[in-house]
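Printed here is run-v1.csv (CSV, C-alpha atoms):
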chain,number,residue,atom,x,y,z
A,1,MET,CA,91.0,151.8,83.0
A,2,LYS,CA,94.1,150.9,81.0
A,3,SER,CA,96.6,153.6,80.1
A,4,ARG,CA,96.7,155.2,76.6
A,5,GLU,CA,99.7,153.1,75.7
A,6,GLU,CA,98.2,149.9,76.9
A,7,ILE,CA,95.0,150.5,74.9
A,8,GLN,CA,97.0,151.3,71.8
A,9,ASP,CA,99.1,148.1,72.3
A,10,ILE,CA,96.0,146.0,72.5
A,11,ALA,CA,94.6,147.5,69.2
A,12,ILE,CA,97.9,146.8,67.5
A,13,GLN,CA,98.0,143.2,68.8
A,14,VAL,CA,94.5,142.5,67.6
A,15,ILE,CA,95.3,143.9,64.1
A,16,ALA,CA,98.5,141.7,64.1
A,17,ASP,CA,96.5,138.6,65.1
A,18,GLU,CA,93.9,139.1,62.5
A,19,LYS,CA,96.5,139.9,59.8
A,20,LYS,CA,98.2,136.6,60.6
A,21,ALA,CA,94.8,134.8,60.4
A,22,VAL,CA,94.1,136.3,57.0
A,23,SER,CA,97.6,135.4,55.7
A,24,GLY,CA,97.1,131.9,56.8
A,25,LEU,CA,94.2,131.5,54.4
A,26,GLU,CA,96.5,131.5,51.4
A,27,LYS,CA,97.6,127.9,52.3
A,28,GLN,CA,94.0,126.8,52.5
A,29,ILE,CA,93.1,127.8,49.0
A,30,ASP,CA,93.1,124.5,47.0
A,31,ASN,CA,91.1,122.6,44.5
A,32,GLY,CA,88.1,122.9,46.8
A,33,PHE,CA,88.0,126.6,46.2
A,34,TYR,CA,87.9,126.1,42.4
A,35,GLU,CA,85.1,123.5,42.8
A,36,ALA,CA,83.1,125.9,45.0
A,37,VAL,CA,83.3,128.7,42.4
A,38,GLU,CA,82.5,126.3,39.6
A,39,THR,CA,79.5,124.9,41.5
A,40,ILE,CA,78.0,128.4,42.2
A,41,PHE,CA,78.8,129.7,38.8
A,42,SER,CA,77.1,126.8,37.1
A,43,THR,CA,73.9,126.8,39.1
A,44,SER,CA,70.7,128.3,37.7
A,45,GLY,CA,69.5,128.8,41.2
A,46,ARG,CA,70.5,130.9,44.2
A,47,VAL,CA,73.1,130.6,46.9
A,48,ILE,CA,71.6,130.0,50.3
A,49,ILE,CA,74.1,131.0,53.0
A,50,THR,CA,73.5,129.9,56.6
A,51,GLY,CA,75.3,129.9,59.9
A,52,ILE,CA,74.7,130.2,63.7
A,53,GLY,CA,75.9,132.9,66.1
A,54,LYS,CA,78.7,135.2,64.8
A,55,SER,CA,79.0,133.0,61.7
A,56,ALA,CA,75.4,133.9,60.9
A,57,ASN,CA,76.4,137.6,60.8
A,58,ILE,CA,79.2,136.7,58.4
A,59,ALA,CA,76.7,134.8,56.3
A,60,ALA,CA,74.4,137.8,56.1
A,61,LYS,CA,77.3,140.0,54.9
A,62,MET,CA,78.3,137.4,52.3
A,63,VAL,CA,74.7,137.4,51.0
A,64,SER,CA,74.8,141.2,50.6
A,65,THR,CA,78.2,141.0,48.8
A,66,PHE,CA,77.0,138.2,46.5
A,67,ASN,CA,73.8,140.0,45.6
A,68,SER,CA,75.6,143.2,44.8
A,69,THR,CA,78.1,141.5,42.5
A,70,GLY,CA,75.7,139.5,40.4
A,71,THR,CA,75.3,136.2,42.3
A,72,PRO,CA,71.7,135.9,43.7
A,73,ALA,CA,71.8,134.9,47.3
A,74,LEU,CA,69.6,134.5,50.4
A,75,PHE,CA,70.4,134.3,54.1
A,76,MET,CA,69.0,131.5,56.1
A,77,HIS,CA,69.7,131.5,59.9
A,78,ALA,CA,70.5,128.0,61.0
A,79,ALA,CA,68.1,128.2,64.0
A,80,ASP,CA,65.2,129.5,61.9
A,81,ALA,CA,65.8,126.9,59.3
A,82,MET,CA,64.3,124.3,61.7
A,83,HIS,CA,61.1,126.4,62.0
A,84,GLY,CA,60.1,126.8,58.4
A,85,ASP,CA,63.0,128.6,56.7
A,86,LEU,CA,64.1,125.4,55.0
A,87,GLY,CA,61.3,126.1,52.6
A,88,MET,CA,63.4,128.7,50.9
A,89,ILE,CA,65.7,126.1,49.4
A,90,ARG,CA,64.8,125.2,45.8
A,91,PRO,CA,66.1,122.2,43.9
A,92,ASP,CA,68.7,124.3,41.9
A,93,ASP,CA,70.1,126.2,44.8
A,94,VAL,CA,73.6,125.8,46.3
A,95,VAL,CA,73.8,125.9,50.1
A,96,VAL,CA,76.8,127.4,51.9
A,97,CYS,CA,77.2,126.7,55.6
A,98,ILE,CA,79.6,128.8,57.7
A,99,SER,CA,80.9,127.5,61.1
A,100,LYS,CA,84.1,127.8,63.1
A,101,SER,CA,83.8,124.4,64.9
A,102,GLY,CA,81.5,122.6,62.5
A,103,ASN,CA,80.1,120.7,65.4
A,104,THR,CA,77.4,122.9,66.9
A,105,PRO,CA,74.1,121.2,67.7
A,106,GLU,CA,72.2,123.3,65.2
A,107,ILE,CA,74.6,122.4,62.4
A,108,LYS,CA,74.4,118.7,63.3
A,109,VAL,CA,70.6,118.8,63.1
A,110,LEU,CA,70.5,120.9,60.0
A,111,MET,CA,73.1,119.4,57.7
A,112,PRO,CA,71.4,115.9,57.2
A,113,LEU,CA,68.2,117.7,56.3
A,114,ILE,CA,69.9,119.8,53.7
A,115,LYS,CA,71.7,116.7,52.3
A,116,SER,CA,68.4,114.9,52.0
A,117,PHE,CA,67.2,117.7,49.6
A,118,GLY,CA,70.1,116.8,47.2
A,119,ASN,CA,71.4,120.4,46.9
A,120,PRO,CA,75.2,120.9,46.7
A,121,LEU,CA,76.6,121.8,50.1
A,122,ILE,CA,79.7,124.0,50.6
A,123,ALA,CA,81.2,124.3,54.0
A,124,ILE,CA,83.3,127.3,55.1
A,125,VAL,CA,84.6,125.8,58.3
A,126,GLY,CA,87.5,126.3,60.8
A,127,ASN,CA,87.7,122.6,61.6
A,128,THR,CA,88.1,120.4,58.6
A,129,ASP,CA,87.8,117.3,60.7
A,130,SER,CA,84.3,118.3,61.9
A,131,PHE,CA,80.8,117.0,61.4
A,132,LEU,CA,80.1,119.8,58.9
A,133,ALA,CA,83.2,119.1,56.9
A,134,ARG,CA,82.4,115.4,56.6
A,135,GLU,CA,78.8,116.1,55.5
A,136,ALA,CA,79.8,118.8,52.9
A,137,ASP,CA,80.4,118.1,49.3
A,138,ILE,CA,83.1,120.9,49.1
A,139,VAL,CA,85.1,122.2,52.1
A,140,LEU,CA,86.8,125.6,52.3
A,141,GLY,CA,89.0,125.6,55.3
A,142,THR,CA,89.3,128.8,57.5
A,143,GLU,CA,91.3,127.4,60.3
A,144,VAL,CA,93.1,130.0,62.6
A,145,GLU,CA,95.7,129.4,65.3
A,146,SER,CA,93.8,131.4,67.9
A,147,GLU,CA,91.4,134.3,68.4
A,148,ALA,CA,92.7,137.8,69.0
A,149,ALA,CA,94.3,138.9,72.3
A,150,PRO,CA,93.9,139.4,75.1
A,151,LEU,CA,91.2,136.8,75.9
A,152,ARG,CA,91.6,134.7,72.7
A,153,LEU,CA,88.1,133.5,73.2
A,154,ALA,CA,85.6,135.8,71.3
A,155,PRO,CA,85.2,135.1,67.6
A,156,THR,CA,87.6,137.6,66.0
A,157,CYS,CA,90.3,136.0,63.9
A,158,SER,CA,87.9,133.2,62.9
A,159,THR,CA,85.2,135.5,61.7
A,160,THR,CA,87.7,137.6,59.9
A,161,ALA,CA,88.9,134.5,58.1
A,162,GLN,CA,85.3,133.6,57.2
A,163,LEU,CA,84.7,137.1,55.9
A,164,VAL,CA,87.8,137.1,53.7
A,165,MET,CA,87.0,133.7,52.3
A,166,GLY,CA,83.5,134.9,51.4
A,167,ASP,CA,84.9,137.9,49.7
A,168,ALA,CA,87.4,135.7,47.8
A,169,LEU,CA,84.5,133.6,46.5
A,170,ALA,CA,82.5,136.7,45.5
A,171,MET,CA,85.3,138.3,43.6
A,172,ALA,CA,86.2,135.0,41.8
A,173,LEU,CA,82.6,134.9,40.7
A,174,VAL,CA,82.8,138.5,39.6
A,175,ALA,CA,85.7,137.6,37.3
A,176,CYS,CA,83.9,134.5,36.0
A,177,ARG,CA,80.8,136.5,35.1
A,178,ASP,CA,82.7,139.4,33.5
A,179,PHE,CA,80.7,141.6,35.8
A,180,THR,CA,81.3,145.2,34.8
A,181,HIS,CA,81.0,148.6,36.5
A,182,ARG,CA,77.7,149.1,34.7
A,183,ASP,CA,76.4,145.8,36.0
A,184,PHE,CA,77.4,147.0,39.5
A,185,ALA,CA,75.5,150.2,38.9
A,186,ARG,CA,72.3,148.4,38.2
A,187,CYS,CA,72.6,146.8,41.7
A,188,HIS,CA,73.5,150.2,43.3
A,189,PRO,CA,71.3,152.9,41.8
A,190,GLY,CA,71.2,155.0,45.0
A,191,GLY,CA,73.7,157.4,46.5
A,192,ALA,CA,76.8,158.9,45.0
A,193,LEU,CA,78.2,155.6,43.9
A,194,GLY,CA,75.1,154.8,41.8
A,195,LYS,CA,75.1,158.3,40.3
A,196,GLN,CA,78.8,158.0,39.4
A,197,LEU,CA,78.1,154.7,37.5
A,198,TYR,CA,74.8,155.4,35.8
A,199,MET,CA,74.2,159.2,35.5
A,200,ARG,CA,74.5,160.5,32.0
A,201,VAL,CA,75.4,163.9,30.6
A,202,SER,CA,71.8,164.3,29.4
A,203,ASP,CA,70.6,164.1,33.1
A,204,LEU,CA,72.6,167.2,33.9
A,205,TYR,CA,73.1,169.7,31.0
A,206,THR,CA,69.4,170.2,30.4
A,207,GLN,CA,69.2,172.0,33.7
A,208,ASN,CA,71.4,174.8,32.4
A,209,GLU,CA,70.8,177.7,30.0
A,210,ARG,CA,72.1,177.4,26.4
A,211,PRO,CA,74.5,180.3,25.8
A,212,LEU,CA,75.1,181.1,22.2
A,213,VAL,CA,76.5,184.0,20.1
A,214,SER,CA,77.4,184.4,16.5
A,215,PRO,CA,81.0,184.8,15.4
A,216,ASP,CA,80.4,188.5,14.6
A,217,ALA,CA,78.8,189.3,18.0
A,218,SER,CA,80.3,192.3,19.8
A,219,ILE,CA,82.3,191.9,22.9
A,220,ARG,CA,79.5,193.6,24.8
A,221,ASP,CA,76.9,191.2,23.5
A,222,THR,CA,79.2,188.3,24.2
A,223,ILE,CA,79.7,189.4,27.8
A,224,LEU,CA,76.0,189.9,28.3
A,225,GLU,CA,75.2,186.4,27.0
A,226,MET,CA,77.8,184.9,29.4
A,227,THR,CA,76.4,186.9,32.3
A,228,CYS,CA,72.7,186.1,31.5
A,229,ARG,CA,73.3,182.4,31.1
A,230,ARG,CA,75.4,182.2,34.3
A,231,LEU,CA,77.8,179.5,33.1
A,232,GLY,CA,81.0,181.5,32.7
A,233,CYS,CA,81.1,180.9,28.9
A,234,THR,CA,79.2,181.0,25.7
A,235,VAL,CA,79.4,178.9,22.6
A,236,VAL,CA,80.2,180.6,19.3
A,237,ALA,CA,78.3,179.1,16.3
A,238,ASP,CA,77.4,180.0,12.7
A,239,SER,CA,73.9,180.5,11.6
A,240,ASP,CA,73.7,176.9,10.4
A,241,GLY,CA,74.6,175.7,13.9
A,242,SER,CA,78.2,174.8,13.2
A,243,ILE,CA,80.3,175.2,16.3
A,244,ARG,CA,83.1,177.6,15.8
A,245,GLY,CA,84.5,178.0,19.3
A,246,ILE,CA,83.8,178.9,22.9
A,247,VAL,CA,84.4,182.1,24.9
A,248,THR,CA,85.2,181.7,28.6
A,249,ASP,CA,86.1,184.0,31.4
A,250,GLY,CA,89.7,183.1,30.7
A,251,ASP,CA,89.4,184.3,27.1
A,252,LEU,CA,88.0,187.6,28.4
A,253,ARG,CA,90.9,188.1,30.7
A,254,ARG,CA,93.4,187.3,28.0
A,255,MET,CA,91.6,189.7,25.6
A,256,LEU,CA,91.9,192.6,28.1
A,257,LYS,CA,95.6,191.9,28.8
A,258,ALA,CA,96.4,191.8,25.0
A,259,ASN,CA,94.3,194.8,23.8
A,260,SER,CA,94.0,198.4,25.0
A,261,SER,CA,90.8,198.8,23.0
A,262,VAL,CA,88.2,196.1,22.5
A,263,ASP,CA,85.4,198.1,20.8
A,264,GLN,CA,86.2,196.6,17.3
A,265,LEU,CA,86.7,193.0,18.5
A,266,THR,CA,84.1,190.2,18.0
A,267,ALA,CA,83.5,186.8,19.5
A,268,ALA,CA,85.4,185.2,16.7
A,269,ASP,CA,88.5,187.3,17.6
A,270,ILE,CA,88.7,186.1,21.2
A,271,MET,CA,87.1,182.6,21.2
A,272,SER,CA,89.0,179.4,21.7
A,273,PRO,CA,88.4,177.3,18.6
A,274,ASN,CA,87.4,173.7,18.5
A,275,PRO,CA,86.1,173.4,22.1
A,276,LYS,CA,86.0,170.1,23.9
A,277,ARG,CA,82.8,168.3,23.2
A,278,ILE,CA,80.9,165.4,24.7
A,279,LEU,CA,78.0,163.4,23.4
A,280,TYR,CA,74.8,163.9,25.4
A,281,ASN,CA,74.4,160.2,26.1
A,282,ARG,CA,77.8,159.6,27.6
A,283,TYR,CA,78.2,159.0,31.3
A,284,ALA,CA,78.8,161.9,33.7
A,285,GLU,CA,81.8,160.2,35.1
A,286,GLU,CA,83.4,160.3,31.7
A,287,ALA,CA,82.7,164.0,31.4
A,288,LEU,CA,84.4,164.6,34.7
A,289,HIS,CA,87.5,162.7,33.7
A,290,MET,CA,87.6,164.7,30.4
A,291,MET,CA,87.4,168.0,32.3
A,292,GLN,CA,90.1,166.9,34.7
A,293,ALA,CA,92.4,165.7,32.0
A,294,ASN,CA,92.1,169.0,30.1
A,295,SER,CA,92.0,171.3,33.1
A,296,ILE,CA,88.7,172.9,32.1
A,297,THR,CA,85.3,173.4,33.8
A,298,GLN,CA,82.9,173.3,30.9
A,299,LEU,CA,82.1,170.9,28.1
A,300,VAL,CA,80.0,171.6,25.0
A,301,VAL,CA,77.3,169.0,24.7
A,302,VAL,CA,76.5,167.8,21.2
A,303,ASP,CA,74.4,165.1,19.5
A,304,GLU,CA,75.7,162.5,17.0
A,305,ASN,CA,75.7,165.1,14.2
A,306,ASP,CA,77.8,167.5,16.3
A,307,ALA,CA,74.8,169.8,16.7
A,308,TYR,CA,75.1,172.1,19.7
A,309,LEU,CA,72.7,171.1,22.6
A,310,GLY,CA,74.0,172.9,25.6
A,311,VAL,CA,76.8,173.2,28.1
A,312,LEU,CA,77.8,170.9,31.0
A,313,HIS,CA,79.6,172.6,33.9
A,314,LEU,CA,81.9,171.0,36.4
A,315,HIS,CA,79.6,172.2,39.2
A,316,ASP,CA,76.7,170.2,37.7
A,317,ILE,CA,78.7,167.0,38.2
A,318,LEU,CA,80.1,167.8,41.7
A,319,ARG,CA,76.7,168.8,42.9
A,320,GLU,CA,75.6,165.2,42.4
A,321,GLY,CA,78.4,163.9,44.5
A,322,ILE,CA,80.3,162.4,41.6
A,323,GLU,CA,84.0,162.7,42.2

Can the structure in the file be given as C-alpha cells, please?
Amino acid sequence: MKSREEIQDIAIQVIADEKKAVSGLEKQIDNGFYEAVETIFSTSGRVIITGIGKSANIAAKMVSTFNSTGTPALFMHAADAMHGDLGMIRPDDVVVCISKSGNTPEIKVLMPLIKSFGNPLIAIVGNTDSFLAREADIVLGTEVESEAAPLRLAPTCSTTAQLVMGDALAMALVACRDFTHRDFARCHPGGALGKQLYMRVSDLYTQNERPLVSPDASIRDTILEMTCRRLGCTVVADSDGSIRGIVTDGDLRRMLKANSSVDQLTAADIMSPNPKRILYNRYAEEALHMMQANSITQLVVVDENDAYLGVLHLHDILREGIE
C-alpha cells in the first residue's frame, strides 16, 4: 500500500493531466465544430451516437445530455450495430461516432455501412489521421498527449476530452435553440430540480388554512385566528375582500413592546399595511426569491383582481426541496 502522501500525489497528478487535456481542446475548436452544430441543429431527425469500449460509455452520457437539453438522441453501441441496431438509423438522422484511435476493427466495419445510408457522419476522434476521420463528413479532434499517470495507458485523459467535447456540442445547441429553464423543466419533472422549475404557488398554498380578520377585530380574536390557522400570521381585509394588511408574530411582539395595554387595540392598529403579494399562478421558485429578498416568511396569494386567496409560507416551499 502506498503512503498517504503518495496517494494524494497520484490524485493531484491525474487531475493535472486531465486538466491539461481539457485545455488542449481549445486549439481543436475550428470550423468543424460550427459545421457539426449547424448539421445537428438543422436536422429534423435524431442524433445517433455510437462508440466502442470506454468511448461507448461517453456516447451514452452524451445521449443523456442531448436529450435533457432539447436535442433528441439515441445510443447505438458499435458492436450491437452489426447485429440489428443499425435499424434505428432513419434517413434524417445525424450519426456521431466517438473513438480515440479511429482505427478499431468495429469502427472500420461500421463506418462504410453508415456512409452507405447517406446520413451525415460526425467523428469525435483522438486521431485525426485515422480511418474514422477519413470516412467522416465532419471531424472534431480530441487528441491528447497522453493518458493520466502513473500507467498512462487506461483511457482517462482521452475520455475526459471526449466528454468535454460532447458537452460543448450540447451547450452550443442549447444556445442555438434558445432552450430555457422552463424547457429544461419539461425534461426533468422529477426530484427537487423539477419542482424548482415547474411547481407553482397554486400547488402549495391550497394546503394551508386561510387566516382572515376584519380591520376592527380585537387583539384577542386576531391572536386566536393566527393560532387556529397555524401560519404565524393573518390577513386583514375589509368586508368587500380588499386587503388592508397583515398581522404577523413580529407585529404582535412590536405591539407588546410599544403598548402597556392592548385591550382597546384592533387588527388595523397593529397590522403591517400593503403586504407582499404573489399571483397564484407564479412559480414557487419566484415566491422563494421574493421572500428572501424581503426577509419575510409569508406571502399573500392573490388572483388577477387582487382578491385574497390564501397564504404561502416559506416552509411550504422548503418542504418540497426547493432552495

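From CA of Gly141 in chain A back to CA of Ser101 in chain A, the distance works out to 11.0 Å.
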
Any chance you could work out the axis-aligned box around range 235-250 of chain A, listed atoms only, 4 Å on each side, giving centre and edge lengths in Å to one decimal, as JSON?
{"center_x": 81.7, "center_y": 179.4, "center_z": 20.9, "size_x": 24.0, "size_y": 17.2, "size_z": 29.0}

*Which residues come within 6 Å of range 132-135 of chain A, counting only C-alpha atoms, excluding same-chain residues fewer than 2 positions away, as a PyMOL selection string?*
chain A and resi 102+128+130

Tell me, as a tab-separated table (two decimals) with C-alpha atoms, keeping the file's coordinate frame, which residues lie within 12 Å of Ala287 in chain A, counting all atoms listed in the file; anything in the same chain fewer than 4 positions away does not count.
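Ended up saving to out_8.tsv:
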chain	number	residue	atom	x	y	z
A	196	GLN	CA	78.80	158.00	39.40
A	199	MET	CA	74.20	159.20	35.50
A	200	ARG	CA	74.50	160.50	32.00
A	201	VAL	CA	75.40	163.90	30.60
A	202	SER	CA	71.80	164.30	29.40
A	204	LEU	CA	72.60	167.20	33.90
A	205	TYR	CA	73.10	169.70	31.00
A	276	LYS	CA	86.00	170.10	23.90
A	277	ARG	CA	82.80	168.30	23.20
A	278	ILE	CA	80.90	165.40	24.70
A	279	LEU	CA	78.00	163.40	23.40
A	280	TYR	CA	74.80	163.90	25.40
A	281	ASN	CA	74.40	160.20	26.10
A	282	ARG	CA	77.80	159.60	27.60
A	283	TYR	CA	78.20	159.00	31.30
A	291	MET	CA	87.40	168.00	32.30
A	292	GLN	CA	90.10	166.90	34.70
A	293	ALA	CA	92.40	165.70	32.00
A	294	ASN	CA	92.10	169.00	30.10
A	295	SER	CA	92.00	171.30	33.10
A	296	ILE	CA	88.70	172.90	32.10
A	297	THR	CA	85.30	173.40	33.80
A	298	GLN	CA	82.90	173.30	30.90
A	299	LEU	CA	82.10	170.90	28.10
A	300	VAL	CA	80.00	171.60	25.00
A	301	VAL	CA	77.30	169.00	24.70
A	311	VAL	CA	76.80	173.20	28.10
A	312	LEU	CA	77.80	170.90	31.00
A	313	HIS	CA	79.60	172.60	33.90
A	314	LEU	CA	81.90	171.00	36.40
A	315	HIS	CA	79.60	172.20	39.20
A	316	ASP	CA	76.70	170.20	37.70
A	317	ILE	CA	78.70	167.00	38.20
A	318	LEU	CA	80.10	167.80	41.70
A	322	ILE	CA	80.30	162.40	41.60
A	323	GLU	CA	84.00	162.70	42.20

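Take CA of Thr71 in chain A and CA of Ser158 in chain A: the distance between them is 24.3 Å.
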
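Distances from A:Val144, A:Asn127, A:Ser44, A:Ile138 to Asp17 in chain A were compared using all atoms listed in the file, and the smallest one belongs to A:Val144.
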
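Rounded to one decimal, CA of Ala59 in chain A and CA of Val47 in chain A lie 10.9 Å from each other.
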